[in-house]
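One file, protein32.txt, carrying compact mmCIF, C-alpha atoms:
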```txt
# COMPACT_ATOMS: atom_id res chain seq x y z
CA ALA A 3 -2.54 4.43 -17.72
CA HIS A 4 -0.68 1.35 -16.47
CA MET A 5 -0.40 -2.39 -16.97
CA GLY A 6 -1.32 -2.21 -20.65
CA PRO A 7 0.03 -1.24 -24.09
CA ALA A 8 -1.23 2.36 -23.89
CA PHE A 9 1.20 3.09 -21.04
CA PHE A 10 3.49 5.21 -23.24
CA PRO A 11 0.90 7.04 -25.41
CA TRP A 12 -1.42 7.66 -22.44
CA HIS A 13 1.33 9.45 -20.55
CA ARG A 14 2.38 11.38 -23.65
CA VAL A 15 -1.12 12.88 -23.75
CA PHE A 16 -0.97 13.58 -20.01
CA LEU A 17 2.35 15.41 -20.39
CA HIS A 18 1.00 17.36 -23.37
CA LEU A 19 -1.99 18.60 -21.36
CA PHE A 20 0.27 19.63 -18.48
CA GLN A 21 2.61 21.45 -20.87
CA GLU A 22 -0.37 23.33 -22.32
CA GLN A 23 -1.36 24.49 -18.83
CA ILE A 24 2.19 25.64 -18.07
CA SER A 25 2.48 27.44 -21.42
CA ALA A 26 -0.72 29.34 -20.69
CA ILE A 27 1.08 30.85 -17.69
CA ASP A 28 4.58 31.20 -19.16
CA PRO A 29 5.21 30.13 -22.79
CA SER A 30 8.98 30.09 -22.21
CA VAL A 31 8.79 27.17 -19.77
CA VAL A 32 9.23 23.74 -21.33
CA LEU A 33 9.00 20.54 -19.30
CA PRO A 34 12.51 19.15 -18.68
CA TYR A 35 13.42 15.50 -18.32
CA TRP A 36 15.30 13.96 -15.42
CA ASN A 37 17.80 11.39 -16.67
CA TRP A 38 17.79 9.20 -13.59
CA THR A 39 20.64 7.06 -14.95
CA VAL A 40 22.93 10.11 -14.63
CA ASP A 41 21.62 12.28 -11.78
CA THR A 42 21.41 9.53 -9.18
CA ALA A 43 22.53 11.27 -6.00
CA PRO A 44 20.08 12.42 -3.32
CA ASP A 45 21.86 15.80 -3.34
CA SER A 46 21.89 16.32 -7.12
CA TYR A 47 20.61 19.62 -8.50
CA LEU A 48 17.15 18.15 -9.03
CA TRP A 49 16.63 18.01 -5.26
CA GLN A 50 17.91 21.47 -4.37
CA ASP A 51 15.80 24.14 -2.69
CA ASP A 52 15.31 26.15 -5.89
CA PHE A 53 13.97 23.19 -7.87
CA MET A 54 12.12 20.09 -6.57
CA GLY A 55 13.14 20.36 -2.91
CA GLY A 56 14.84 17.56 -1.07
CA ASN A 57 14.19 14.31 0.74
CA GLY A 58 11.63 13.94 3.50
CA VAL A 59 12.54 14.59 7.12
CA LYS A 60 12.23 11.54 9.36
CA ALA A 61 11.18 13.48 12.43
CA GLU A 62 8.30 14.93 10.40
CA GLY A 63 7.03 11.62 9.04
CA GLU A 64 9.26 11.98 5.95
CA ALA A 65 7.42 15.15 4.88
CA VAL A 66 9.31 17.38 2.42
CA LEU A 67 10.31 20.59 4.24
CA THR A 68 12.44 22.29 1.59
CA GLY A 69 11.84 23.88 -1.79
CA PRO A 70 8.69 25.36 -3.33
CA PHE A 71 6.61 22.21 -2.79
CA GLN A 72 7.29 21.82 0.91
CA LYS A 73 4.77 21.07 3.65
CA GLY A 74 2.70 24.15 4.38
CA LYS A 75 3.17 25.60 0.89
CA TRP A 76 2.01 22.76 -1.36
CA ALA A 77 -1.30 21.21 -0.33
CA ILE A 78 -2.38 17.83 -1.70
CA THR A 79 -6.13 17.54 -2.27
CA VAL A 80 -6.41 14.49 -4.58
CA PHE A 81 -5.87 11.10 -2.95
CA ASP A 82 -5.48 7.50 -4.03
CA TYR A 83 -7.91 4.58 -3.89
CA GLY A 84 -8.39 3.48 -0.30
CA ASP A 85 -6.00 6.08 1.15
CA THR A 86 -7.15 6.37 4.75
CA ASN A 87 -4.21 8.61 5.76
CA GLN A 88 -4.66 11.39 3.19
CA PHE A 89 -1.58 13.31 4.28
CA PRO A 90 -1.85 16.74 2.58
CA TYR A 91 1.88 17.07 1.82
CA ILE A 92 4.59 15.32 -0.19
CA ILE A 93 6.31 12.36 1.46
CA ARG A 94 9.71 11.14 0.19
CA ASP A 95 12.20 8.63 1.57
CA PHE A 96 14.88 8.16 -1.08
CA GLY A 97 15.94 4.54 -1.55
CA ALA A 98 14.56 3.38 1.80
CA GLY A 99 13.61 -0.27 2.17
CA SER A 100 14.06 -3.22 -0.13
CA LEU A 101 11.68 -2.33 -2.99
CA ALA A 102 13.97 0.14 -4.78
CA PRO A 103 17.24 0.85 -2.98
CA ASP A 104 18.77 2.43 -6.08
CA LEU A 105 17.82 3.95 -9.43
CA PRO A 106 17.89 2.20 -12.83
CA THR A 107 21.11 2.16 -14.83
CA GLN A 108 21.82 3.01 -18.45
CA GLU A 109 22.59 -0.66 -19.02
CA GLN A 110 19.02 -1.51 -18.02
CA VAL A 111 17.66 1.15 -20.36
CA ASP A 112 19.79 -0.29 -23.17
CA GLU A 113 18.44 -3.75 -22.37
CA ALA A 114 14.91 -2.41 -22.77
CA LEU A 115 15.74 -0.64 -26.02
CA ALA A 116 17.11 -3.91 -27.43
CA ILE A 117 13.61 -5.46 -27.33
CA ALA A 118 12.27 -5.00 -30.85
CA THR A 119 8.64 -5.95 -30.10
CA TYR A 120 6.55 -3.16 -28.61
CA ASP A 121 4.12 -5.43 -26.76
CA ALA A 122 2.55 -8.90 -26.83
CA ALA A 123 -0.49 -10.84 -25.64
CA PRO A 124 -2.12 -10.94 -23.16
CA TRP A 125 -1.43 -7.19 -23.26
CA ASP A 126 -1.13 -6.60 -19.51
CA SER A 127 1.36 -6.94 -16.66
CA THR A 128 1.51 -10.72 -17.13
CA THR A 129 3.03 -10.34 -20.61
CA PRO A 130 6.58 -11.81 -20.52
CA ALA A 131 8.93 -8.84 -20.24
CA SER A 132 11.38 -10.49 -22.63
CA VAL A 133 9.00 -9.99 -25.57
CA SER A 134 7.48 -6.65 -24.57
CA PHE A 135 9.39 -3.38 -24.58
CA ARG A 136 6.36 -1.79 -22.90
CA ASN A 137 6.09 -4.25 -20.04
CA PHE A 138 9.87 -4.52 -19.60
CA PHE A 139 10.14 -0.77 -19.31
CA GLU A 140 7.03 -0.24 -17.22
CA GLY A 141 8.78 -2.52 -14.75
CA TRP A 142 6.55 -5.50 -14.00
CA ARG A 143 8.31 -8.83 -13.44
CA ASP A 144 6.90 -12.34 -12.99
CA CYS A 145 3.25 -11.34 -12.72
CA ALA A 146 0.73 -14.18 -12.45
CA GLU A 147 -2.59 -12.36 -12.69
CA GLN A 148 -4.18 -8.96 -13.14
CA MET A 149 -7.64 -7.70 -12.35
CA CYS A 150 -9.63 -4.47 -12.43
CA ASP A 151 -11.67 -3.63 -9.34
CA PRO A 152 -13.98 -0.59 -9.12
CA ASN A 153 -12.75 0.19 -5.61
CA ALA A 154 -9.09 -0.82 -5.74
CA GLY A 155 -8.41 0.09 -9.36
CA VAL A 156 -6.22 -2.15 -11.51
CA VAL A 157 -4.23 -4.53 -9.32
CA ASN A 158 -1.88 -7.40 -10.07
CA THR A 159 -0.02 -10.20 -8.35
CA CYS A 160 3.72 -10.30 -9.06
CA THR A 161 6.63 -12.09 -7.46
CA GLY A 162 9.40 -10.28 -9.31
CA GLY A 163 11.03 -6.93 -8.68
CA HIS A 164 10.02 -3.45 -9.74
CA GLU A 165 12.27 -2.08 -12.46
CA LEU A 166 12.82 1.03 -14.60
CA HIS A 167 9.61 3.13 -14.51
CA ASN A 168 8.29 1.46 -11.36
CA ARG A 169 11.66 1.53 -9.67
CA VAL A 170 12.03 5.31 -9.99
CA HIS A 171 8.61 5.88 -8.45
CA LEU A 172 9.47 3.59 -5.54
CA TRP A 173 13.01 4.95 -5.03
CA ILE A 174 11.60 8.44 -4.50
CA ALA A 175 8.75 7.21 -2.32
CA GLY A 176 10.69 4.78 -0.18
CA GLU A 177 9.27 2.53 2.51
CA VAL A 178 8.71 5.22 5.08
CA ALA A 179 7.83 3.26 8.20
CA PHE A 180 5.72 0.56 9.67
CA ALA A 181 2.47 2.11 10.81
CA HIS A 182 2.74 0.55 14.27
CA GLU A 183 6.11 2.25 14.74
CA LEU A 184 4.73 5.76 14.32
CA MET A 185 4.39 7.31 17.75
CA MET A 186 2.47 10.38 16.61
CA ASP A 187 0.01 11.07 13.87
CA HIS A 188 1.34 12.97 10.88
CA ASP A 189 -0.11 16.19 12.23
CA GLY A 190 2.60 15.87 14.90
CA MET A 191 0.14 16.57 17.68
CA THR A 192 -2.11 13.60 18.40
CA PRO A 193 -1.09 10.06 19.35
CA ALA A 194 -1.09 7.69 16.41
CA ALA A 195 -3.54 4.83 16.16
CA THR A 196 -1.98 1.37 16.20
CA PRO A 197 -3.31 -0.44 13.13
CA GLU A 198 -1.99 -3.73 11.88
CA PRO A 199 1.61 -3.31 10.68
CA GLU A 200 1.79 -1.98 7.14
CA ILE A 201 4.40 -0.25 5.07
CA ILE A 202 3.59 3.41 4.44
CA LEU A 203 4.87 4.52 1.07
CA GLY A 204 5.67 8.01 -0.11
CA THR A 205 3.68 10.16 -2.51
CA MET A 206 5.29 8.82 -5.68
CA ALA A 207 4.17 5.26 -4.90
CA ALA A 208 0.48 6.15 -5.19
CA ASN A 209 -1.79 6.33 -8.23
CA SER A 210 -2.04 9.99 -7.21
CA SER A 211 1.74 10.34 -7.70
CA PRO A 212 1.42 13.49 -9.89
CA ASN A 213 0.93 15.28 -6.56
CA ASP A 214 4.74 15.25 -6.43
CA PRO A 215 5.85 17.48 -9.34
CA VAL A 216 8.94 15.33 -9.92
CA PHE A 217 6.45 12.87 -11.46
CA PHE A 218 6.46 14.99 -14.61
CA LEU A 219 10.27 15.11 -14.91
CA HIS A 220 10.35 11.34 -14.49
CA HIS A 221 7.70 10.73 -17.14
CA VAL A 222 9.22 13.17 -19.61
CA ASN A 223 12.36 11.03 -19.43
CA ILE A 224 10.25 7.94 -20.08
CA ASP A 225 8.66 9.68 -23.05
CA ARG A 226 12.15 10.57 -24.31
CA ILE A 227 13.26 6.93 -24.13
CA TRP A 228 10.09 5.82 -25.95
CA SER A 229 11.02 8.29 -28.70
CA GLN A 230 14.42 6.59 -28.91
CA TRP A 231 12.72 3.20 -29.29
CA LEU A 232 10.41 4.56 -32.02
CA ALA A 233 13.37 6.06 -33.86
CA ARG A 234 15.13 2.69 -33.79
CA TYR A 235 12.23 0.43 -34.82
CA GLY A 236 9.79 2.74 -36.59
CA GLN A 237 6.47 4.19 -35.53
CA VAL A 238 4.88 0.85 -34.73
CA TYR A 239 2.41 -0.07 -32.01
CA LEU A 240 0.73 -3.25 -30.83
CA PRO A 241 -2.01 -4.38 -30.53
CA GLU A 242 -3.82 -3.09 -33.57
CA SER A 243 -6.89 -4.96 -32.25
CA GLY A 244 -7.79 -7.68 -29.78
CA GLY A 245 -6.43 -5.96 -26.69
CA PRO A 246 -8.36 -4.30 -23.86
CA TYR A 247 -10.47 -1.32 -24.93
CA GLY A 248 -8.50 1.90 -24.92
CA HIS A 249 -5.24 0.05 -25.62
CA ASN A 250 -5.67 -0.89 -29.29
CA LEU A 251 -4.04 1.23 -31.98
CA ASN A 252 -7.09 3.29 -32.90
CA ASP A 253 -9.08 3.11 -29.65
CA LEU A 254 -9.95 6.36 -27.94
CA MET A 255 -8.13 6.47 -24.61
CA TRP A 256 -9.91 6.90 -21.28
CA PRO A 257 -10.50 9.30 -19.58
CA TYR A 258 -9.57 11.76 -22.30
CA GLU A 259 -12.60 10.85 -24.39
CA GLY A 260 -14.78 11.85 -21.45
CA ILE A 261 -13.37 15.39 -21.43
CA GLY A 262 -13.80 15.84 -25.17
CA LEU A 263 -10.25 14.97 -26.22
CA GLN A 264 -10.30 12.23 -28.85
CA VAL A 265 -6.83 10.70 -28.85
CA SER A 266 -5.74 7.16 -29.67
CA PRO A 267 -2.40 5.39 -29.18
CA GLY A 268 -1.85 5.58 -32.93
CA MET A 269 -2.03 9.38 -32.83
CA MET A 270 0.83 9.64 -30.33
CA LEU A 271 3.66 7.87 -32.17
CA ASP A 272 5.55 10.99 -33.26
CA SER A 273 6.28 13.73 -30.73
CA ARG A 274 6.76 16.16 -33.61
CA ASP A 275 3.04 15.95 -34.27
CA TRP A 276 2.62 17.49 -30.82
CA GLY A 277 5.20 20.21 -31.25
CA TYR A 278 8.39 18.93 -29.64
CA VAL A 279 11.49 16.80 -30.13
CA TYR A 280 14.15 15.69 -27.64
CA ASP A 281 17.77 16.84 -27.73
CA THR A 282 18.89 13.20 -27.76
CA GLU A 283 17.14 12.73 -31.13
CA LEU A 284 19.00 15.61 -32.79
CA THR A 285 22.23 14.95 -34.67
```
Represent the structure from my file as structure tokens, please.
Amino acid sequence: AHMGPAFFPWHRVFLHLFQEQISAIDPSVVLPYWNWTVDTAPDSYLWQDDFMGGNGVKAEGEAVLTGPFQKGKWAITVFDYGDTNQFPYIIRDFGAGSLAPDLPTQEQVDEALAIATYDAAPWDSTTPASVSFRNFFEGWRDCAEQMCDPNAGVVNTCTGGHELHNRVHLWIAGEVAFAHELMMDHDGMTPAATPEPEIILGTMAANSSPNDPVFFLHHVNIDRIWSQWLARYGQVYLPESGGPYGHNLNDLMWPYEGIGLQVSPGMMLDSRDWGYVYDTELT
């Protein structure tokens, strides 16, 4: 799903499957997009009680206590690689820390859209962002190496910042606290252990970030911007071959193949083939 050319088409499939599940409950509900270059305030409508709920509450370990997905109403049961905390509720800390103090701007989106090449070798997070719309937009900067570990997942080593897609995830998540500063466990009842200092990140910073429903509004916006890029440069995709398996034009993408859904990046280049178009594409 990340750190490779299939970033955009993989998530388009993911959004399509989620939309199908929503439509089975209520066909009138269509996934909206959150334009995070416009609605940038922590008190914008997105974060109100009748939509996504608000920011986390510091006294409660930055747990979300408002809206339909608040602690006690929305239980998380799927956790990330190596997550020893496994807090069963959404954690948010808007803009906290140095990783992502603010959201991306339209100027940054325009800079991404100006890159005419979809992707380039070596087809991962180490690809120079200047020649890769995909890597520029995914948000990796100055990455030296990337590896895939069966326990840790796909990990990389980067010295640059986190931009665009990554930045939105990290702005929502925030850098909640240093573990050694937490006086109580997140159940609010038992004394906290005192592990080595580490930054605890919110829900949207994890590979299990779809636990926070705002994930889908964020990724629909990303899908919308990819549609703008495709409209500008044509329905092109790289690599056609020679990249990692699952990321070439006609490769079947994992894990969809394992659940009987045979989809390739090349099949996802026109949203109209999947029954939708964005308002920003209509003239």
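For the atom pair formed by CA of Ile78 (chain A) and CA of Val170 (chain A), the distance is 20.8 Å, given to one decimal.
Nearest to Ala3 (chain A) of all the residues A:Glu140, A:Asn223, A:Phe89, A:Leu166 is A:Glu140, based on only C-alpha atoms.
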Could you give me, as a PDB file with C-alpha atoms, keeping the file's coordinate frame, the residues within 7 Å of Gly141 (chain A), counting only C-alpha atoms and dropping anything in the same chain fewer than 3 positions from it?
```
ATOM      1  CA  ASN A 137       6.090  -4.250 -20.040  1.00  0.00           C
ATOM      2  CA  PHE A 138       9.870  -4.520 -19.600  1.00  0.00           C
ATOM      3  CA  HIS A 164      10.020  -3.450  -9.740  1.00  0.00           C
ATOM      4  CA  GLU A 165      12.270  -2.080 -12.460  1.00  0.00           C
ATOM      5  CA  LEU A 166      12.820   1.030 -14.600  1.00  0.00           C
ATOM      6  CA  HIS A 167       9.610   3.130 -14.510  1.00  0.00           C
ATOM      7  CA  ASN A 168       8.290   1.460 -11.360  1.00  0.00           C
TER       8      ASN A 168
END
```
Item to complete: For region 149-158 of chain A, list every protein, DNA or RNA residue within 10 Å, evaluated using all atoms listed in the file, and leave out those in the same chain fewer than 4 positions away; present the list as number ranges by chain.
Response: A: 3-5, 82-84, 126-128, 142, 145, 209
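A straight line drawn from CA of His249 (chain A) to CA of Gly6 (chain A) is 6.7 Å long.
For the choices A:Ala26, A:Gly55, A:Arg136, A:Val238, the atom-to-atom distance to Met269 (chain A) is smallest for A:Val238 when using only C-alpha atoms.
We find CA of Gly277 (chain A) and CA of Arg234 (chain A) to be spaced 20.3 Å apart.
Look at Phe20 (chain A): the protein and nucleic acid residues within 9 Å of it, using only C-alpha atoms and passing over chain neighbours fewer than 4 places away, are Val15, Phe16, Ile24, Ser25, Leu33 and Phe218 of chain A.
Using all atoms listed in the file, the protein and nucleic acid residues lying no more than 9 Å from region 251-262 of chain A, apart from those fewer than 4 places from it along its own chain, are Ala3, Ala8, Trp12, Val15, Tyr239, Leu240, Pro241, Glu242, Ser243, Tyr247, Ser266, Pro267, Gly268 and Met269 of chain A.
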Practice prompt. Find the spatial neighbours of Val178 (chain A), counting only C-alpha atoms, within a cut-off of 8 Å - ignore same-chain residues fewer than 3 positions away - and output them as a VMD selection string.
Written response: chain A and resid 63 to 64 94 to 95 98 to 99 175 201 to 204
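Proximity of A:Asp275, A:Thr205, A:Lys73, A:Leu115 to Asn87 (chain A), computed with all atoms listed in the file, is greatest for A:Thr205.
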